[in-house]
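Text of entry11.txt, listed as compact mmCIF, C-alpha atoms and all ligand atoms:
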# COMPACT_ATOMS: atom_id res chain seq x y z
CA MET A 1 100.09 59.83 -58.07
CA SER A 2 99.76 63.56 -58.39
CA ILE A 3 102.84 65.72 -58.02
CA GLN A 4 102.96 67.92 -54.95
CA ILE A 5 104.73 71.14 -54.07
CA PRO A 6 108.29 70.74 -52.66
CA ARG A 7 108.61 70.78 -48.86
CA GLY A 8 109.11 74.23 -47.36
CA THR A 9 107.62 76.11 -50.31
CA GLN A 10 104.15 77.51 -50.85
CA ASP A 11 101.79 78.57 -53.59
CA ILE A 12 100.44 82.04 -53.02
CA LEU A 13 96.96 82.01 -54.44
CA PRO A 14 94.52 84.77 -55.35
CA GLY A 15 92.87 85.85 -52.12
CA THR A 16 96.25 85.83 -50.36
CA VAL A 17 98.45 87.28 -53.07
CA GLU A 18 96.73 90.64 -52.55
CA LEU A 19 98.27 90.78 -49.07
CA TRP A 20 101.69 90.24 -50.60
CA GLN A 21 101.09 92.91 -53.21
CA TYR A 22 99.95 95.33 -50.53
CA VAL A 23 102.97 94.90 -48.25
CA GLU A 24 105.37 94.89 -51.19
CA GLN A 25 103.84 98.12 -52.43
CA GLN A 26 104.21 99.56 -48.94
CA ALA A 27 107.89 98.56 -48.93
CA ARG A 28 108.41 100.36 -52.23
CA THR A 29 106.65 103.47 -50.97
CA ILE A 30 108.76 103.62 -47.80
CA CYS A 31 111.96 103.07 -49.80
CA ARG A 32 111.00 105.90 -52.10
CA MET A 33 110.56 108.17 -49.05
CA PHE A 34 113.96 107.18 -47.71
CA ASN A 35 115.43 107.42 -51.22
CA TYR A 36 116.53 103.78 -51.60
CA LYS A 37 116.54 102.55 -55.21
CA GLU A 38 115.53 99.06 -56.28
CA ILE A 39 118.14 96.58 -57.45
CA ARG A 40 117.41 93.18 -59.01
CA THR A 41 120.18 90.61 -59.01
CA PRO A 42 120.02 87.00 -60.28
CA MET A 43 118.47 84.28 -58.17
CA PHE A 44 121.66 82.24 -58.51
CA GLU A 45 125.30 83.21 -58.14
CA HIS A 46 128.69 81.49 -58.12
CA THR A 47 128.89 79.44 -54.93
CA GLU A 48 132.13 81.17 -53.98
CA LEU A 49 130.30 84.46 -53.49
CA PHE A 50 128.40 83.12 -50.50
CA GLN A 51 131.36 81.17 -49.15
CA ARG A 52 133.36 84.38 -49.09
CA GLY A 53 130.50 86.76 -48.34
CA VAL A 54 128.29 84.98 -45.83
CA GLY A 55 131.18 83.00 -44.33
CA ASP A 56 132.40 79.42 -44.49
CA THR A 57 131.64 78.67 -40.86
CA THR A 58 127.99 79.74 -40.91
CA ASP A 59 125.08 77.29 -40.88
CA ILE A 60 123.82 78.91 -44.05
CA VAL A 61 126.95 78.00 -46.02
CA GLN A 62 127.66 74.70 -44.31
CA LYS A 63 124.20 73.21 -44.21
CA GLU A 64 121.57 75.23 -45.97
CA MET A 65 122.59 76.14 -49.50
CA TYR A 66 121.03 74.78 -52.65
CA THR A 67 124.23 74.19 -54.57
CA PHE A 68 124.57 72.37 -57.87
CA GLU A 69 126.89 72.05 -60.79
CA ASP A 70 125.53 73.55 -63.98
CA ARG A 71 126.05 71.98 -67.39
CA GLY A 72 129.27 73.94 -67.81
CA GLY A 73 130.74 72.40 -64.64
CA ARG A 74 130.45 75.61 -62.56
CA SER A 75 129.33 75.48 -58.97
CA ILE A 76 126.14 77.51 -58.69
CA THR A 77 124.08 78.35 -55.61
CA LEU A 78 120.52 79.61 -55.29
CA ARG A 79 120.92 82.79 -53.26
CA PRO A 80 120.31 82.19 -49.54
CA GLU A 81 120.31 85.96 -48.84
CA GLY A 82 120.64 89.24 -50.68
CA THR A 83 123.55 91.18 -49.18
CA ALA A 84 126.44 89.29 -50.79
CA ALA A 85 124.81 89.56 -54.21
CA VAL A 86 124.12 93.29 -53.83
CA VAL A 87 127.72 93.86 -52.79
CA ARG A 88 128.95 91.81 -55.77
CA SER A 89 126.86 93.96 -58.06
CA PHE A 90 128.03 97.16 -56.32
CA VAL A 91 131.64 96.15 -57.02
CA GLU A 92 131.03 94.80 -60.50
CA HIS A 93 129.26 97.97 -61.63
CA LYS A 94 131.69 100.23 -59.78
CA MET A 95 128.82 101.95 -57.99
CA PHE A 96 131.37 103.31 -55.53
CA GLY A 97 132.35 105.74 -58.31
CA ASN A 98 128.89 107.35 -58.49
CA PRO A 99 128.89 110.94 -57.24
CA ASN A 100 125.92 110.31 -54.94
CA GLN A 101 127.08 108.35 -51.92
CA PRO A 102 126.10 106.39 -49.94
CA THR A 103 124.61 104.05 -52.52
CA LYS A 104 121.19 103.17 -51.11
CA LEU A 105 119.56 100.06 -52.55
CA PHE A 106 116.61 97.79 -51.80
CA TYR A 107 115.40 94.45 -53.09
CA ILE A 108 112.35 92.24 -52.82
CA GLY A 109 112.72 88.67 -54.00
CA PRO A 110 112.91 84.96 -53.22
CA MET A 111 115.77 83.45 -51.22
CA PHE A 112 116.48 79.74 -50.74
CA ARG A 113 117.70 77.88 -47.67
CA TYR A 114 117.59 74.15 -47.05
CA GLU A 115 116.25 74.44 -43.51
CA ARG A 116 113.89 72.25 -41.53
CA PRO A 117 110.51 73.67 -42.48
CA GLN A 118 108.29 74.86 -39.65
CA ALA A 119 106.04 77.81 -38.89
CA GLY A 120 107.86 80.90 -40.15
CA ARG A 121 110.67 78.90 -41.72
CA PHE A 122 110.53 78.05 -45.39
CA ARG A 123 112.94 76.73 -47.97
CA GLN A 124 111.90 79.44 -50.37
CA PHE A 125 110.94 82.76 -48.78
CA VAL A 126 110.75 86.34 -49.94
CA GLN A 127 113.03 88.93 -48.41
CA PHE A 128 112.61 92.66 -48.50
CA GLY A 129 116.02 94.12 -47.74
CA VAL A 130 117.93 97.37 -47.95
CA GLU A 131 121.66 98.06 -48.16
CA ALA A 132 123.39 101.42 -47.72
CA LEU A 133 126.97 101.33 -48.98
CA GLY A 134 129.63 103.97 -48.55
CA SER A 135 128.92 105.71 -45.26
CA ASN A 136 130.47 105.37 -41.84
CA ASP A 137 128.02 107.77 -40.27
CA PRO A 138 126.11 106.25 -37.33
CA ALA A 139 123.12 108.27 -38.56
CA ILE A 140 122.77 105.84 -41.47
CA ASP A 141 122.60 102.93 -39.01
CA ALA A 142 119.72 104.71 -37.33
CA GLU A 143 118.14 105.48 -40.71
CA VAL A 144 118.18 101.82 -41.74
CA MET A 145 116.54 100.78 -38.46
CA ALA A 146 114.02 103.60 -38.73
CA LEU A 147 113.13 102.43 -42.23
CA ALA A 148 112.42 98.89 -41.04
CA MET A 149 110.36 100.09 -38.08
CA GLN A 150 108.38 102.55 -40.20
CA PHE A 151 107.68 99.88 -42.74
CA TYR A 152 106.27 97.52 -40.10
CA GLN A 153 104.25 100.29 -38.52
CA SER A 154 102.89 101.40 -41.89
CA VAL A 155 101.28 97.99 -42.39
CA GLY A 156 99.81 98.08 -38.90
CA LEU A 157 102.21 96.13 -36.65
CA LYS A 158 102.49 97.46 -33.12
CA LYS A 159 103.98 94.78 -30.93
CA LEU A 160 107.58 95.15 -31.99
CA ARG A 161 110.86 95.04 -30.15
CA LEU A 162 114.05 96.42 -31.64
CA VAL A 163 117.10 94.74 -30.15
CA ILE A 164 120.54 96.14 -30.90
CA ASN A 165 124.12 95.24 -30.13
CA SER A 166 127.58 96.25 -31.20
CA LEU A 167 130.03 93.65 -32.40
CA GLY A 168 132.78 96.27 -32.49
CA ASP A 169 135.47 96.85 -35.08
CA ALA A 170 138.22 94.39 -36.06
CA GLU A 171 140.41 95.28 -33.06
CA SER A 172 137.57 94.92 -30.54
CA ARG A 173 136.44 91.70 -32.12
CA GLN A 174 139.94 90.24 -31.97
CA ALA A 175 140.20 91.02 -28.26
CA HIS A 176 136.74 89.54 -27.64
CA ARG A 177 137.58 86.49 -29.74
CA GLU A 178 140.63 85.75 -27.63
CA ALA A 179 138.62 86.14 -24.45
CA LEU A 180 135.99 83.73 -25.79
CA ILE A 181 138.62 81.13 -26.71
CA ASN A 182 140.15 81.38 -23.25
CA HIS A 183 136.71 81.09 -21.67
CA PHE A 184 135.49 78.03 -23.58
CA SER A 185 138.76 76.13 -24.23
CA PRO A 186 139.10 74.36 -20.87
CA ARG A 187 135.64 72.78 -21.17
CA ILE A 188 135.06 72.69 -24.90
CA GLY A 189 134.75 68.87 -24.66
CA GLU A 190 131.36 69.38 -23.02
CA PHE A 191 130.02 71.18 -26.09
CA CYS A 192 128.55 69.82 -29.34
CA SER A 193 130.83 68.95 -32.26
CA ASP A 194 129.76 72.08 -34.15
CA CYS A 195 130.86 74.26 -31.22
CA GLN A 196 134.14 72.37 -30.97
CA SER A 197 134.97 73.26 -34.53
CA ARG A 198 133.69 76.82 -34.00
CA LEU A 199 136.14 77.41 -31.14
CA GLU A 200 139.10 78.26 -33.37
CA LYS A 201 137.27 79.26 -36.53
CA ASN A 202 134.64 81.56 -35.10
CA PRO A 203 134.09 81.36 -31.33
CA LEU A 204 131.39 84.07 -31.43
CA ARG A 205 129.14 81.55 -33.13
CA ILE A 206 129.23 79.35 -30.01
CA LEU A 207 127.04 81.98 -28.31
CA ASP A 208 124.42 81.38 -30.98
CA CYS A 209 124.35 77.57 -30.56
CA LYS A 210 120.88 76.18 -30.00
CA LYS A 211 122.06 72.83 -28.60
CA ASP A 212 124.39 74.21 -25.95
CA ARG A 213 122.50 77.35 -25.03
CA ASP A 214 121.86 76.17 -21.45
CA HIS A 215 125.48 75.33 -20.67
CA GLU A 216 126.66 77.28 -17.61
CA LEU A 217 129.63 78.73 -19.53
CA MET A 218 127.19 80.46 -21.86
CA LYS A 219 125.89 82.70 -19.11
CA THR A 220 129.34 83.68 -17.91
CA ALA A 221 130.85 84.18 -21.40
CA PRO A 222 132.78 87.43 -21.85
CA SER A 223 130.57 90.18 -23.23
CA ILE A 224 131.61 92.15 -26.28
CA MET A 225 130.64 95.30 -24.38
CA ASP A 226 133.75 94.88 -22.21
CA TYR A 227 136.00 94.63 -25.26
CA LEU A 228 134.80 97.52 -27.40
CA ASN A 229 137.62 99.97 -28.05
CA ASP A 230 137.00 103.70 -27.86
CA TYR A 231 136.00 104.15 -31.49
CA SER A 232 133.52 101.27 -31.34
CA LYS A 233 132.10 102.46 -28.04
CA VAL A 234 131.55 106.02 -29.25
CA TYR A 235 130.10 104.72 -32.52
CA PHE A 236 127.58 102.56 -30.68
CA GLU A 237 126.66 105.40 -28.34
CA LYS A 238 126.02 107.67 -31.33
CA VAL A 239 123.75 105.07 -32.93
CA GLN A 240 121.74 104.87 -29.72
CA GLN A 241 121.60 108.64 -29.46
CA TYR A 242 120.17 108.92 -32.97
CA LEU A 243 117.57 106.24 -32.27
CA THR A 244 116.53 108.08 -29.14
CA ASN A 245 116.29 111.35 -31.08
CA LEU A 246 114.03 109.58 -33.57
CA HIS A 247 111.84 108.30 -30.69
CA ILE A 248 112.55 104.72 -31.66
CA GLU A 249 112.49 102.44 -28.64
CA PHE A 250 115.17 99.76 -28.44
CA VAL A 251 116.89 97.43 -26.02
CA VAL A 252 120.59 96.60 -25.99
CA ASP A 253 121.33 92.88 -25.88
CA PRO A 254 125.08 92.11 -25.73
CA ASN A 255 124.28 88.49 -26.58
CA LEU A 256 122.69 89.30 -29.91
CA VAL A 257 124.75 87.36 -32.43
CA ARG A 258 123.71 87.26 -36.05
CA GLY A 259 123.86 84.10 -38.16
CA LEU A 260 126.15 85.58 -40.80
CA ASP A 261 129.85 86.31 -40.52
CA TYR A 262 130.11 89.68 -42.20
CA TYR A 263 128.89 91.84 -39.34
CA ASN A 264 130.77 94.39 -37.23
CA HIS A 265 129.68 97.36 -35.14
CA THR A 266 125.88 97.61 -35.20
CA ALA A 267 123.83 94.40 -35.26
CA PHE A 268 120.08 94.42 -34.77
CA GLU A 269 116.94 92.34 -34.91
CA ILE A 270 113.28 93.23 -34.74
CA MET A 271 111.10 90.73 -32.88
CA SER A 272 107.37 90.30 -32.71
CA GLU A 273 105.98 90.44 -29.22
CA ALA A 274 102.50 89.41 -30.31
CA GLU A 275 100.97 86.72 -28.17
CA GLY A 276 100.53 83.51 -30.05
CA PHE A 277 103.26 84.30 -32.54
CA GLY A 278 105.25 81.09 -33.03
CA SER A 279 108.56 80.23 -31.43
CA ILE A 280 110.54 82.01 -34.12
CA THR A 281 109.97 85.62 -33.19
CA THR A 282 112.63 87.35 -35.26
CA LEU A 283 110.97 89.31 -38.03
CA CYS A 284 113.97 91.22 -39.32
CA GLY A 285 117.74 91.08 -39.00
CA GLY A 286 120.53 93.35 -40.07
CA GLY A 287 123.69 95.14 -39.25
CA ARG A 288 126.88 96.78 -40.41
CA TYR A 289 129.38 94.93 -42.60
CA ASN A 290 132.37 97.20 -43.11
CA GLY A 291 134.77 94.59 -44.53
CA LEU A 292 132.45 92.87 -46.96
CA VAL A 293 132.99 95.02 -50.05
CA GLN A 294 136.73 94.43 -49.76
CA ASP A 295 136.25 90.70 -49.21
CA ILE A 296 134.33 90.59 -52.46
CA GLY A 297 137.08 92.40 -54.35
CA GLY A 298 136.05 96.05 -54.12
CA PRO A 299 137.64 99.07 -52.48
CA GLU A 300 137.29 99.53 -48.73
CA THR A 301 133.66 100.60 -48.35
CA PRO A 302 131.47 100.47 -45.26
CA GLY A 303 127.95 99.09 -45.47
CA ILE A 304 124.83 98.46 -43.44
CA GLY A 305 121.45 96.91 -44.17
CA PHE A 306 118.70 94.58 -43.10
CA ALA A 307 116.41 91.94 -44.50
CA LEU A 308 113.01 90.73 -43.42
CA SER A 309 110.76 88.09 -44.85
CA ILE A 310 107.25 88.74 -46.05
CA GLU A 311 106.22 85.31 -44.71
CA ARG A 312 107.05 86.27 -41.13
CA LEU A 313 105.55 89.73 -41.56
CA LEU A 314 102.23 88.21 -42.65
CA ALA A 315 102.35 85.78 -39.72
CA ALA A 316 102.93 88.70 -37.35
CA LEU A 317 100.00 90.60 -38.88
CA GLU A 318 97.82 87.57 -38.28
CA ALA A 319 99.02 87.24 -34.69
CA GLU A 320 98.15 90.89 -34.09
CA ASN A 321 94.81 90.52 -35.88
CA VAL A 322 95.62 93.27 -38.34
CA THR A 323 93.48 93.32 -41.46
CA LEU A 324 95.04 95.03 -44.43
CA PRO A 325 92.90 97.44 -46.46
CA ILE A 326 92.61 95.21 -49.50
CA GLU A 327 90.11 96.36 -52.12
CA GLU A 328 88.41 93.26 -53.50
CA SER A 329 85.36 94.69 -55.22
CA ILE A 330 85.09 95.49 -58.91
CA ASP A 331 83.59 98.60 -60.50
CA CYS A 332 81.29 97.21 -63.17
CA TYR A 333 79.64 93.98 -64.20
CA VAL A 334 78.00 93.98 -67.62
CA VAL A 335 74.94 91.75 -67.86
CA ALA A 336 73.86 90.90 -71.41
CA LEU A 337 70.58 89.35 -72.55
CA GLY A 338 70.36 87.73 -75.97
CA GLU A 339 72.92 86.99 -78.68
CA ALA A 340 73.17 90.48 -80.19
CA ALA A 341 73.52 92.13 -76.78
CA LYS A 342 76.14 89.56 -75.78
CA ASP A 343 78.19 90.41 -78.86
CA TYR A 344 77.84 94.13 -78.23
CA SER A 345 78.71 93.80 -74.54
CA VAL A 346 82.25 92.78 -75.46
CA SER A 347 82.92 96.30 -76.75
CA ILE A 348 81.21 97.95 -73.79
CA VAL A 349 83.36 95.95 -71.38
CA ASN A 350 86.45 96.92 -73.29
CA ASP A 351 85.53 100.63 -73.35
CA LEU A 352 84.96 100.59 -69.59
CA ARG A 353 88.30 98.90 -68.96
CA MET A 354 90.10 101.38 -71.20
CA ALA A 355 88.50 104.16 -69.17
CA GLY A 356 89.98 102.65 -66.00
CA PHE A 357 86.97 100.78 -64.57
CA ILE A 358 87.60 97.27 -63.24
CA THR A 359 85.03 95.42 -65.30
CA GLU A 360 83.83 91.87 -65.73
CA LYS A 361 81.23 90.01 -67.79
CA ASP A 362 79.90 86.49 -68.17
CA TYR A 363 81.72 83.96 -70.34
CA GLN A 364 79.78 80.87 -69.26
CA ASP A 365 76.55 81.52 -71.15
CA LYS A 366 74.73 82.10 -67.89
CA LYS A 367 71.07 83.04 -67.54
CA ILE A 368 70.28 86.57 -66.39
CA LYS A 369 69.73 85.60 -62.75
CA ALA A 370 73.04 83.81 -62.60
CA GLN A 371 74.78 86.82 -64.17
CA PHE A 372 73.38 89.04 -61.42
CA LYS A 373 74.58 86.52 -58.88
CA SER A 374 78.11 86.69 -60.33
CA ALA A 375 77.98 90.48 -60.15
CA ASP A 376 76.99 90.18 -56.51
CA ARG A 377 79.76 87.71 -55.70
CA LEU A 378 82.32 90.00 -57.31
CA GLN A 379 80.90 92.91 -55.28
CA ALA A 380 80.37 94.98 -58.41
CA LYS A 381 79.58 98.60 -57.61
CA PHE A 382 77.56 99.03 -60.83
CA VAL A 383 75.64 96.47 -62.82
CA ILE A 384 75.15 97.50 -66.42
CA VAL A 385 72.35 95.70 -68.19
CA LEU A 386 72.14 95.43 -71.95
CA GLY A 387 69.03 93.67 -73.32
CA GLU A 388 67.65 93.63 -76.85
CA ASP A 389 65.37 96.63 -76.18
CA GLU A 390 68.26 98.64 -74.80
CA LEU A 391 70.41 97.65 -77.74
CA ASP A 392 67.75 98.91 -80.15
CA LYS A 393 67.69 102.23 -78.31
CA LYS A 394 71.51 102.29 -77.96
CA VAL A 395 71.22 102.61 -74.18
CA VAL A 396 72.09 100.55 -71.13
CA ASN A 397 70.51 100.29 -67.71
CA VAL A 398 72.95 101.26 -64.98
CA LYS A 399 72.21 100.06 -61.45
CA ASN A 400 74.13 101.49 -58.53
CA MET A 401 74.35 98.50 -56.19
CA ALA A 402 75.00 100.59 -53.08
CA THR A 403 71.94 102.86 -53.47
CA GLY A 404 69.72 100.69 -55.65
CA GLU A 405 69.25 103.64 -58.04
CA GLN A 406 68.80 102.82 -61.71
CA HIS A 407 69.33 105.00 -64.76
CA GLU A 408 68.97 104.56 -68.44
CA VAL A 409 72.13 105.92 -70.04
CA ALA A 410 73.09 106.27 -73.69
CA ILE A 411 75.92 103.86 -74.53
CA THR A 412 77.98 106.77 -75.83
CA GLU A 413 77.54 108.53 -72.46
CA LEU A 414 78.23 105.49 -70.25
CA VAL A 415 81.86 106.24 -69.37
CA ALA A 416 81.14 109.92 -68.68
CA HIS A 417 78.13 108.97 -66.55
CA LEU A 418 80.08 106.47 -64.45
CA LYS A 419 82.92 108.91 -63.94
CA GLU A 420 80.40 111.38 -62.62
CA VAL A 421 78.51 109.09 -60.25
CA ARG A 422 81.26 106.83 -58.90
P1 LIG B 1 119.05 86.77 -41.85
O1 LIG B 1 118.94 87.03 -40.40
O2 LIG B 1 119.66 85.47 -42.25
O3 LIG B 1 119.86 87.99 -42.47
O4 LIG B 1 117.62 86.87 -42.49
C1 LIG B 1 116.87 88.06 -42.37
C2 LIG B 1 115.40 87.74 -42.20
O5 LIG B 1 114.97 86.85 -43.25
C3 LIG B 1 115.02 87.01 -40.94
O6 LIG B 1 114.91 87.87 -39.85
C4 LIG B 1 113.70 86.40 -41.33
O7 LIG B 1 112.67 87.38 -41.29
C5 LIG B 1 113.91 86.05 -42.78
N1 LIG B 1 114.24 84.62 -42.94
C6 LIG B 1 115.44 84.03 -42.86
N2 LIG B 1 115.34 82.72 -43.08
C7 LIG B 1 114.03 82.47 -43.32
C8 LIG B 1 113.28 81.29 -43.64
N3 LIG B 1 113.87 80.11 -43.78
N4 LIG B 1 111.95 81.40 -43.81
C9 LIG B 1 111.33 82.61 -43.68
N5 LIG B 1 112.00 83.74 -43.39
C10 LIG B 1 113.32 83.68 -43.21
C11 LIG B 1 120.13 88.14 -43.78
O8 LIG B 1 119.66 87.45 -44.66
C12 LIG B 1 121.02 89.32 -44.07
N6 LIG B 1 121.31 89.36 -45.51
C13 LIG B 1 120.36 90.61 -43.63
C14 LIG B 1 121.19 91.81 -43.90
C15 LIG B 1 121.05 92.66 -44.93
N7 LIG B 1 122.20 92.22 -43.18
C16 LIG B 1 122.72 93.30 -43.72
N8 LIG B 1 122.03 93.56 -44.81
Please rewrite the model in this file as structure tokens.
Amino acid sequence: MSIQIPRGTQDILPGTVELWQYVEQQARTICRMFNYKEIRTPMFEHTELFQRGVGDTTDIVQKEMYTFEDRGGRSITLRPEGTAAVVRSFVEHKMFGNPNQPTKLFYIGPMFRYERPQAGRFRQFVQFGVEALGSNDPAIDAEVMALAMQFYQSVGLKKLRLVINSLGDAESRQAHREALINHFSPRIGEFCSDCQSRLEKNPLRILDCKKDRDHELMKTAPSIMDYLNDYSKVYFEKVQQYLTNLHIEFVVDPNLVRGLDYYNHTAFEIMSEAEGFGSITTLCGGGRYNGLVQDIGGPETPGIGFALSIERLLAALEAENVTLPIEESIDCYVVALGEAAKDYSVSIVNDLRMAGFITEKDYQDKKIKAQFKSADRLQAKFVIVLGEDELDKKVVNVKNMATGEQHEVAITELVAHLKEVR
């Protein structure tokens, strides 16, 4: 029996990979504009990093991590997300000591979660994420959201919805936590076993439960908005003010709870509103995580960021019928007739490539007609023919496929000629 690809993963083949390259390039361009620098961290980390960073009570840590013991007996986990690893690296390399703060970083790379595969949900997926560490200015919250929105818009998405919430600071969260416990306690027996264990550990997570989402207590649950202290309230208002100033539309949803434990203050998600986009509409998620650097052993440092997956972005592009401007054609195809010309064509092809022309030739010993057909299939802009007569005269025949024009050009002049006419 042949061996097949693991469930929840995919091969990205030529024809599709160009879409990935395009959107990844776009991400890099936008990050350059916003002055975020790339960081590359390992694909696996010590398991403890995610237990401490992402949070022991989250689905990610409890159910979804690829964890194994390596040959040295260490517990290792394939990264399920990027933030904890970036923060580990920030602390390990003492980036907080750099004169330029905040430290603004981005990453593009595979993440791994053992989830039930379905449309838009993979076990290996690629996240593009940014993290800004070291600033408590609400303007950086707005900047991070603006970056995500601009990125999506730059690849052609239009039907987007930015949803924001504030989870408040530690004091606000504590007050809200107590209110949630008081609210759910009397009837916690009616909830699923996960929610029962969440009640004491992390009652906020109950609001995010998929099984119990229709329970009547969910609708009447105390809203964080009523528990924000003055600092948190003003902070959230400032964030909204900045978004408005940037002409970024958003809606406030006090029930927006993120699936990771490290968040406080600003939390946000960007959804696709495209018709026909699957049931999972969240394209991007992020928020502020002011205690995380300390949790991971660094000095008190605020942080905010987001991550989005390329898989869901491409699905959203498809749902909105956006075609990316992918250039598939090649510049030159060199057709050779006869042994001597074939030998010589190798050097011509190489010279053209060195001069920057995307160039191809035949390697299958094809007849002339079939070589022309290949040139056609590859959408070559110029077909360069080298027969024995041409070789004797040290010339080639250059055919411009768009205009049908043909010219005899000296081999020594070929590059200069193409540069002039292309
Ligand atoms: P997250 O909400 O777990 O947050 O994931 C962010 C995004 O990754 C999602 O909105 C979705 O686009 C994508 N994603 C997650 N799981 C899958 C999957 N199984 N298949 C395909 N795409 C998926 C985080 O990961 C945080 N680290 C974000 C963050 C950065 N917060 C602050 N900084």
Residue neighbourhood segment 286-289 of chain A, 8 Å, all atoms listed in the file, exclusion window fewer than 2 positions, as a VMD selection string: chain A and resid 141 258 262 to 269 284 291 to 292 302 to 307
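Taking only C-alpha atoms and all ligand atoms into account, every polymer residue with at least one atom at most 6 Å away from ligand LIG 1 (chain B) is listed here: A:Glu81, A:Gly82, A:Thr83, A:Arg113, A:Gly120, A:Arg121, A:Phe122, A:Arg123, A:Phe125, A:Gln127, A:Gly129, A:Glu131, A:Thr282, A:Leu283, A:Cys284, A:Gly285, A:Gly286, A:Gly287, A:Ile304, A:Gly305, A:Phe306, A:Ala307, A:Leu308, A:Ser309, A:Glu311, A:Arg312.
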Interatomic distance, atom CA of Thr359 of chain A to atom CA of Leu414 of chain A (Å, one decimal):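 Pair atom CA of Thr359 of chain A / atom CA of Leu414 of chain A returns 13.1 Å.
Of the listed residues A:Ser154, A:Asn290, A:Gln62, A:Asn255, the one whose atoms come nearest to Ala132 of chain A is A:Asn290, with distances taken using all atoms listed in the file.
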Minimum-distance residue to Ser329 of chain A, chosen among A:Asp59, A:Glu360, A:Glu237, A:Glu216 (using all atoms listed in the file):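 Under the stated criterion, the closest residue is A:Glu360.
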Of the listed residues A:Ser374, A:Ser135, A:Ser75, A:Gln26, that which approaches Phe96 of chain A most closely, counting only C-alpha atoms: A:Ser135
Mind checking which residues fall within 10 Å of Ala341 of chain A, counting all atoms listed in the file, ignoring those fewer than 5 positions away in the same chain, and posting them as a short mmCIF file (atom, residue, chain, number, x, y, z; two decimals) with C-alpha atoms, in the coordinates of the input?
data_model
loop_
_atom_site.label_atom_id
_atom_site.label_comp_id
_atom_site.auth_asym_id
_atom_site.auth_seq_id
_atom_site.Cartn_x
_atom_site.Cartn_y
_atom_site.Cartn_z
CA VAL A 335 74.94 91.75 -67.86
CA ALA A 336 73.86 90.90 -71.41
CA VAL A 346 82.25 92.78 -75.46
CA VAL A 385 72.35 95.70 -68.19
CA LEU A 386 72.14 95.43 -71.95
CA GLY A 387 69.03 93.67 -73.32
CA GLU A 388 67.65 93.63 -76.85
CA ASP A 389 65.37 96.63 -76.18
CA GLU A 390 68.26 98.64 -74.80
CA LEU A 391 70.41 97.65 -77.74
CA ASP A 392 67.75 98.91 -80.15
#
Separation of atom CA of Asp194 of chain A from atom CA of Gly53 of chain A in Å: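 About the pair atom CA of Gly53 of chain A and atom CA of Asp194 of chain A: they are 20.4 Å apart.
Remark: for Leu105 of chain A, the closest of the candidate residues A:Ala375, A:Leu160, A:Cys332, A:Ile39 is A:Ile39 (distances computed over only C-alpha atoms).
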Computed interatomic separation between atom CA of Ser345 of chain A and atom CA of Arg377 of chain A (Å): 19.8 Å
Near-His46 of chain A list (9 Å; only C-alpha atoms; drop same-chain fewer than 4 positions) as JSON, numbers by chain: {"A": [50, 74, 75, 76, 77, 78]}
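Residue neighbourhood of Tyr333 of chain A, excluding near-sequence residues (fewer than 6 positions): A:Val349, A:Ile358, A:Thr359, A:Glu360, A:Lys361, A:Asp362, A:Gln371, A:Phe372, A:Ser374, A:Ala375, A:Asp376, A:Leu378, A:Ala380, A:Lys381, A:Phe382, A:Val383, A:Ile384, A:Val385, at 9 Å, using all atoms listed in the file.
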